[in-house]
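Text of data-v5.txt (compact mmCIF, N, CA and C atoms) as supplied:
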```txt
# COMPACT_ATOMS: atom_id res chain seq x y z
N MET N 1 0.83 -1.19 0.00
CA MET N 1 0.00 0.00 0.00
C MET N 1 0.88 1.25 0.00
N PRO N 2 0.50 2.22 -0.80
CA PRO N 2 1.28 3.47 -0.80
C PRO N 2 1.08 4.26 0.48
N ALA N 3 1.99 5.13 0.75
CA ALA N 3 1.87 6.04 1.88
C ALA N 3 2.25 7.43 1.39
N GLY N 4 1.43 8.40 1.74
CA GLY N 4 1.69 9.78 1.32
C GLY N 4 0.98 10.74 2.26
N THR N 5 0.73 11.96 1.75
CA THR N 5 0.19 13.03 2.58
C THR N 5 -1.05 13.64 1.94
N ILE N 6 -2.07 13.86 2.74
CA ILE N 6 -3.23 14.66 2.35
C ILE N 6 -3.04 16.03 2.96
N ARG N 7 -3.09 17.06 2.13
CA ARG N 7 -2.99 18.45 2.61
C ARG N 7 -4.35 19.12 2.48
N TYR N 8 -4.81 19.67 3.58
CA TYR N 8 -6.09 20.36 3.60
C TYR N 8 -5.86 21.87 3.54
N TRP N 9 -6.69 22.56 2.75
CA TRP N 9 -6.58 24.01 2.61
C TRP N 9 -7.89 24.67 3.02
N ALA N 10 -7.78 25.87 3.55
CA ALA N 10 -8.92 26.75 3.87
C ALA N 10 -9.98 26.03 4.70
N ALA N 11 -11.22 25.96 4.21
CA ALA N 11 -12.32 25.38 4.98
C ALA N 11 -12.08 23.90 5.28
N ALA N 12 -11.39 23.19 4.39
CA ALA N 12 -11.09 21.77 4.65
C ALA N 12 -10.12 21.65 5.82
N LYS N 13 -9.15 22.54 5.88
CA LYS N 13 -8.19 22.54 6.99
C LYS N 13 -8.91 22.80 8.32
N ALA N 14 -9.83 23.77 8.31
CA ALA N 14 -10.59 24.07 9.53
C ALA N 14 -11.46 22.88 9.93
N ALA N 15 -12.10 22.25 8.96
CA ALA N 15 -13.00 21.13 9.26
C ALA N 15 -12.24 19.90 9.75
N ALA N 16 -11.04 19.66 9.21
CA ALA N 16 -10.23 18.52 9.64
C ALA N 16 -9.51 18.81 10.95
N GLY N 17 -9.33 20.09 11.25
CA GLY N 17 -8.63 20.46 12.48
C GLY N 17 -7.13 20.28 12.39
N ARG N 18 -6.63 20.21 11.16
CA ARG N 18 -5.18 20.04 10.94
C ARG N 18 -4.86 20.38 9.49
N PRO N 19 -3.62 20.76 9.22
CA PRO N 19 -3.26 21.12 7.85
C PRO N 19 -2.97 19.92 6.96
N GLU N 20 -2.58 18.80 7.56
CA GLU N 20 -2.28 17.62 6.75
C GLU N 20 -2.29 16.37 7.62
N GLU N 21 -2.36 15.23 6.94
CA GLU N 21 -2.29 13.94 7.62
C GLU N 21 -1.88 12.89 6.59
N PRO N 22 -1.40 11.75 7.04
CA PRO N 22 -0.95 10.72 6.11
C PRO N 22 -2.11 9.93 5.51
N TYR N 23 -1.85 9.35 4.34
CA TYR N 23 -2.76 8.35 3.79
C TYR N 23 -1.98 7.07 3.56
N THR N 24 -2.70 5.95 3.57
CA THR N 24 -2.10 4.65 3.27
C THR N 24 -2.98 3.87 2.29
N GLU N 25 -3.89 4.56 1.64
CA GLU N 25 -4.82 3.93 0.72
C GLU N 25 -4.29 3.96 -0.71
N ALA N 26 -4.84 3.10 -1.55
CA ALA N 26 -4.36 2.96 -2.93
C ALA N 26 -5.02 3.91 -3.92
N THR N 27 -6.25 4.37 -3.62
CA THR N 27 -6.95 5.26 -4.54
C THR N 27 -7.43 6.51 -3.81
N LEU N 28 -7.73 7.54 -4.59
CA LEU N 28 -8.25 8.77 -4.00
C LEU N 28 -9.58 8.50 -3.29
N ALA N 29 -10.44 7.70 -3.87
CA ALA N 29 -11.72 7.39 -3.22
C ALA N 29 -11.50 6.75 -1.85
N GLU N 30 -10.59 5.80 -1.77
CA GLU N 30 -10.32 5.15 -0.48
C GLU N 30 -9.73 6.12 0.53
N ALA N 31 -8.83 6.99 0.09
CA ALA N 31 -8.22 7.97 1.00
C ALA N 31 -9.26 8.95 1.51
N LEU N 32 -10.17 9.40 0.64
CA LEU N 32 -11.21 10.33 1.08
C LEU N 32 -12.21 9.64 2.01
N ASP N 33 -12.53 8.39 1.74
CA ASP N 33 -13.41 7.64 2.66
C ASP N 33 -12.77 7.53 4.04
N ALA N 34 -11.47 7.25 4.09
CA ALA N 34 -10.77 7.15 5.37
C ALA N 34 -10.78 8.51 6.09
N ALA N 35 -10.59 9.60 5.34
CA ALA N 35 -10.63 10.94 5.95
C ALA N 35 -12.01 11.23 6.52
N ARG N 36 -13.06 10.82 5.80
CA ARG N 36 -14.43 11.03 6.30
C ARG N 36 -14.67 10.26 7.60
N ARG N 37 -14.13 9.06 7.68
CA ARG N 37 -14.29 8.27 8.92
C ARG N 37 -13.52 8.91 10.08
N ARG N 38 -12.33 9.47 9.80
CA ARG N 38 -11.54 10.10 10.87
C ARG N 38 -12.15 11.41 11.33
N HIS N 39 -12.82 12.11 10.42
CA HIS N 39 -13.33 13.45 10.70
C HIS N 39 -14.81 13.56 10.30
N PRO N 40 -15.69 12.82 10.98
CA PRO N 40 -17.11 12.92 10.63
C PRO N 40 -17.62 14.33 10.96
N GLY N 41 -18.62 14.74 10.27
CA GLY N 41 -19.19 16.07 10.52
C GLY N 41 -18.86 17.03 9.41
N GLU N 42 -18.31 18.17 9.76
CA GLU N 42 -18.11 19.26 8.81
C GLU N 42 -17.22 18.86 7.63
N LEU N 43 -16.17 18.08 7.85
CA LEU N 43 -15.29 17.71 6.73
C LEU N 43 -16.05 16.92 5.68
N VAL N 44 -16.96 16.08 6.09
CA VAL N 44 -17.77 15.32 5.13
C VAL N 44 -18.51 16.28 4.21
N ARG N 45 -19.08 17.33 4.77
CA ARG N 45 -19.80 18.32 3.96
C ARG N 45 -18.85 19.12 3.08
N VAL N 46 -17.71 19.51 3.61
CA VAL N 46 -16.76 20.32 2.86
C VAL N 46 -16.21 19.53 1.67
N LEU N 47 -15.90 18.26 1.86
CA LEU N 47 -15.31 17.46 0.78
C LEU N 47 -16.21 17.37 -0.45
N LYS N 48 -17.51 17.50 -0.26
CA LYS N 48 -18.45 17.46 -1.39
C LYS N 48 -18.24 18.61 -2.35
N ARG N 49 -17.65 19.70 -1.87
CA ARG N 49 -17.47 20.91 -2.68
C ARG N 49 -16.04 21.10 -3.16
N CYS N 50 -15.15 20.22 -2.78
CA CYS N 50 -13.72 20.42 -3.04
C CYS N 50 -13.27 19.94 -4.41
N ALA N 51 -12.18 20.54 -4.85
CA ALA N 51 -11.41 20.05 -5.99
C ALA N 51 -10.17 19.37 -5.41
N PHE N 52 -9.57 18.47 -6.18
CA PHE N 52 -8.43 17.71 -5.68
C PHE N 52 -7.30 17.73 -6.70
N LEU N 53 -6.09 17.85 -6.18
CA LEU N 53 -4.88 17.67 -6.99
C LEU N 53 -4.17 16.44 -6.43
N VAL N 54 -3.72 15.57 -7.30
CA VAL N 54 -2.93 14.42 -6.89
C VAL N 54 -1.57 14.56 -7.54
N ASP N 55 -0.56 14.74 -6.71
CA ASP N 55 0.81 14.97 -7.18
C ASP N 55 0.87 16.11 -8.19
N GLY N 56 0.09 17.17 -7.90
CA GLY N 56 0.10 18.37 -8.73
C GLY N 56 -0.82 18.36 -9.92
N ASP N 57 -1.46 17.21 -10.22
CA ASP N 57 -2.35 17.11 -11.37
C ASP N 57 -3.81 17.20 -10.92
N PRO N 58 -4.60 18.07 -11.58
CA PRO N 58 -6.01 18.17 -11.22
C PRO N 58 -6.75 16.86 -11.50
N VAL N 59 -7.61 16.48 -10.57
CA VAL N 59 -8.42 15.27 -10.74
C VAL N 59 -9.59 15.55 -11.67
N GLY N 60 -10.14 16.74 -11.57
CA GLY N 60 -11.26 17.13 -12.43
C GLY N 60 -12.46 16.22 -12.20
N THR N 61 -13.06 15.75 -13.29
CA THR N 61 -14.26 14.93 -13.20
C THR N 61 -13.97 13.43 -13.21
N ARG N 62 -12.71 13.05 -13.15
CA ARG N 62 -12.39 11.62 -13.13
C ARG N 62 -13.00 10.94 -11.91
N ASP N 63 -13.42 9.71 -12.07
CA ASP N 63 -13.94 8.90 -10.97
C ASP N 63 -12.82 8.70 -9.96
N HIS N 64 -13.07 9.03 -8.71
CA HIS N 64 -12.03 8.94 -7.67
C HIS N 64 -11.54 7.52 -7.47
N GLU N 65 -12.36 6.52 -7.83
CA GLU N 65 -11.93 5.12 -7.74
C GLU N 65 -10.80 4.81 -8.72
N THR N 66 -10.72 5.59 -9.79
CA THR N 66 -9.71 5.31 -10.83
C THR N 66 -8.42 6.09 -10.62
N VAL N 67 -8.40 6.99 -9.65
CA VAL N 67 -7.23 7.83 -9.40
C VAL N 67 -6.32 7.11 -8.41
N ARG N 68 -5.23 6.55 -8.91
CA ARG N 68 -4.28 5.80 -8.07
C ARG N 68 -3.37 6.77 -7.32
N LEU N 69 -3.06 6.42 -6.08
CA LEU N 69 -2.15 7.22 -5.26
C LEU N 69 -0.79 6.54 -5.22
N ALA N 70 0.24 7.36 -5.23
CA ALA N 70 1.61 6.86 -5.29
C ALA N 70 2.29 6.91 -3.93
N GLU N 71 3.27 6.07 -3.77
CA GLU N 71 4.14 6.11 -2.59
C GLU N 71 4.80 7.49 -2.54
N GLY N 72 4.70 8.15 -1.39
CA GLY N 72 5.30 9.47 -1.24
C GLY N 72 4.52 10.58 -1.92
N GLY N 73 3.30 10.29 -2.37
CA GLY N 73 2.50 11.26 -3.10
C GLY N 73 1.82 12.27 -2.19
N THR N 74 1.16 13.22 -2.84
CA THR N 74 0.43 14.26 -2.12
C THR N 74 -0.93 14.47 -2.75
N VAL N 75 -1.94 14.52 -1.90
CA VAL N 75 -3.29 14.88 -2.30
C VAL N 75 -3.57 16.26 -1.71
N GLU N 76 -3.90 17.21 -2.56
CA GLU N 76 -4.27 18.56 -2.11
C GLU N 76 -5.79 18.66 -2.15
N VAL N 77 -6.39 19.06 -1.03
CA VAL N 77 -7.84 19.21 -0.92
C VAL N 77 -8.14 20.70 -0.94
N LEU N 78 -8.80 21.16 -2.03
CA LEU N 78 -8.98 22.58 -2.28
C LEU N 78 -10.46 22.96 -2.31
N PRO N 79 -10.96 23.54 -1.22
CA PRO N 79 -12.34 24.02 -1.22
C PRO N 79 -12.44 25.23 -2.15
N PRO N 80 -13.67 25.55 -2.60
CA PRO N 80 -13.83 26.77 -3.39
C PRO N 80 -13.46 27.99 -2.53
N PHE N 81 -12.86 28.96 -3.15
CA PHE N 81 -12.50 30.16 -2.40
C PHE N 81 -12.63 31.36 -3.32
N ALA N 82 -12.79 32.53 -2.72
CA ALA N 82 -12.93 33.78 -3.48
C ALA N 82 -11.60 34.51 -3.46
N GLY N 83 -11.45 35.42 -4.37
CA GLY N 83 -10.23 36.23 -4.39
C GLY N 83 -9.38 35.89 -5.59
N GLY N 84 -8.19 36.41 -5.59
CA GLY N 84 -7.38 36.16 -6.75
C GLY N 84 -5.98 36.39 -6.52
```
Translate this structure into C-alpha cells?
Amino acid sequence: MPAGTIRYWAAAKAAAGRPEEPYTEATLAEALDAARRRHPGELVRVLKRCAFLVDGDPVGTRDHETVRLAEGGTVEVLPPFAGG
C-alpha cells in the first residue's frame, strides 16, 4: 500500500482540524473515505465541494476510484474560495 500526505486548505483545513495527515490507501476514493471516517461532521460536507490535486495534477471529473495514489505522493484538498 502506498503512503503519502493529504494536505487540507482553507475550509477543509478548519474542518479537519489540521493542515495535513498521512494516507495509506491505494486510490483517491479510499483515501477520502478514510478521511471522512476520521473526521465525521463538517469535513464530510466540505469534501463534497472540493477540488483535488494528486501529485500536482487536477483530478477534475475523473472517478475517484480510478485515481491511483503513489508512494510518497500528495493529495491537495482545495475548497472553493474567493479572491485572486
Name the residues of chain N that come out as alpha helix (DSSP H) in a backbone DSSP run; write them as number ranges by chain. N: 10-16, 28-38, 42-47
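Using all atoms listed in the file for every distance, the candidate list N:Glu20, N:Cys50, N:Leu43, N:Ala35 yields N:Glu20 as the residue closest to N:Tyr8.
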DSSP-assigned strand (DSSP E) members of stretch 1-83 of chain N, reported as a PyMOL selection string: chain N and resi 4-8+20-23+51-54+57-58+74-78
Could you check which of N:Ala31, N:Ala3, N:Lys13, N:Leu78 is closest to N:Arg49, using only N, CA and C atoms? N:Leu78
Nearest candidate to N:Ala12 (options N:Glu30, N:Asp55, N:Asp63, N:Glu42; using only C-alpha atoms):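 Using only C-alpha atoms, N:Ala12 sits closest to N:Glu42.
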Ranking N:Ala16, N:Leu47, N:Val54, N:Leu32 by minimum distance to N:Gly73 and counting all atoms listed in the file, which one comes first?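 So, comparing all the options, the nearest one is N:Val54.
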Would you be able to write out as a list in words which residues have an atom within 7 Å of (-9.9, 5.7, -5.0) in the file's coordinates, counting all atoms listed in the file? Ala26, Thr27, Leu28, Ala29, Glu30, Ala31, Leu32, Asp63, His64, Glu65, Thr66, Val67, Arg68 and Leu69 of chain N
Now that the selection is made, can you save its residues with N, CA and C atoms as a PDB file, keeping the file's coordinate frame?
```pdb
ATOM      1  N   ALA N  26      -4.840   3.100  -1.550  1.00  0.00           N
ATOM      2  CA  ALA N  26      -4.360   2.960  -2.930  1.00  0.00           C
ATOM      3  C   ALA N  26      -5.020   3.910  -3.920  1.00  0.00           C
ATOM      4  N   THR N  27      -6.250   4.370  -3.620  1.00  0.00           N
ATOM      5  CA  THR N  27      -6.950   5.260  -4.540  1.00  0.00           C
ATOM      6  C   THR N  27      -7.430   6.510  -3.810  1.00  0.00           C
ATOM      7  N   LEU N  28      -7.730   7.540  -4.590  1.00  0.00           N
ATOM      8  CA  LEU N  28      -8.250   8.770  -4.000  1.00  0.00           C
ATOM      9  C   LEU N  28      -9.580   8.500  -3.290  1.00  0.00           C
ATOM     10  N   ALA N  29     -10.440   7.700  -3.870  1.00  0.00           N
ATOM     11  CA  ALA N  29     -11.720   7.390  -3.220  1.00  0.00           C
ATOM     12  C   ALA N  29     -11.500   6.750  -1.850  1.00  0.00           C
ATOM     13  N   GLU N  30     -10.590   5.800  -1.770  1.00  0.00           N
ATOM     14  CA  GLU N  30     -10.320   5.150  -0.480  1.00  0.00           C
ATOM     15  C   GLU N  30      -9.730   6.120   0.530  1.00  0.00           C
ATOM     16  N   ALA N  31      -8.830   6.990   0.090  1.00  0.00           N
ATOM     17  CA  ALA N  31      -8.220   7.970   1.000  1.00  0.00           C
ATOM     18  C   ALA N  31      -9.260   8.950   1.510  1.00  0.00           C
ATOM     19  N   LEU N  32     -10.170   9.400   0.640  1.00  0.00           N
ATOM     20  CA  LEU N  32     -11.210  10.330   1.080  1.00  0.00           C
ATOM     21  C   LEU N  32     -12.210   9.640   2.010  1.00  0.00           C
ATOM     22  N   ASP N  63     -13.420   9.710 -12.070  1.00  0.00           N
ATOM     23  CA  ASP N  63     -13.940   8.900 -10.970  1.00  0.00           C
ATOM     24  C   ASP N  63     -12.820   8.700  -9.960  1.00  0.00           C
ATOM     25  N   HIS N  64     -13.070   9.030  -8.710  1.00  0.00           N
ATOM     26  CA  HIS N  64     -12.030   8.940  -7.670  1.00  0.00           C
ATOM     27  C   HIS N  64     -11.540   7.520  -7.470  1.00  0.00           C
ATOM     28  N   GLU N  65     -12.360   6.520  -7.830  1.00  0.00           N
ATOM     29  CA  GLU N  65     -11.930   5.120  -7.740  1.00  0.00           C
ATOM     30  C   GLU N  65     -10.800   4.810  -8.720  1.00  0.00           C
ATOM     31  N   THR N  66     -10.720   5.590  -9.790  1.00  0.00           N
ATOM     32  CA  THR N  66      -9.710   5.310 -10.830  1.00  0.00           C
ATOM     33  C   THR N  66      -8.420   6.090 -10.620  1.00  0.00           C
ATOM     34  N   VAL N  67      -8.400   6.990  -9.650  1.00  0.00           N
ATOM     35  CA  VAL N  67      -7.230   7.830  -9.400  1.00  0.00           C
ATOM     36  C   VAL N  67      -6.320   7.110  -8.410  1.00  0.00           C
ATOM     37  N   ARG N  68      -5.230   6.550  -8.910  1.00  0.00           N
ATOM     38  CA  ARG N  68      -4.280   5.800  -8.070  1.00  0.00           C
ATOM     39  C   ARG N  68      -3.370   6.770  -7.320  1.00  0.00           C
ATOM     40  N   LEU N  69      -3.060   6.420  -6.080  1.00  0.00           N
ATOM     41  CA  LEU N  69      -2.150   7.220  -5.260  1.00  0.00           C
ATOM     42  C   LEU N  69      -0.790   6.540  -5.220  1.00  0.00           C
TER      43      LEU N  69
END
```
Mind pulling up the distance from atom CA of N:Ala15 to atom CA of N:Arg37? 12.9 Å
Report, in Å with one decimal, the straight-line distance from atom CA of N:Asp33 to atom CA of N:Val46. 13.1 Å
In Å, how far is it from atom CA of N:Thr5 to atom C of N:Gly56?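 It comes out at 13.6 Å.
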In terms of the shortest atom-to-atom distance over all atoms listed in the file, which of N:Pro58, N:Leu53, N:Val75, N:Thr24 is closest to N:Pro2?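 Of the candidates, the smallest distance to N:Pro2 is held by N:Thr24.
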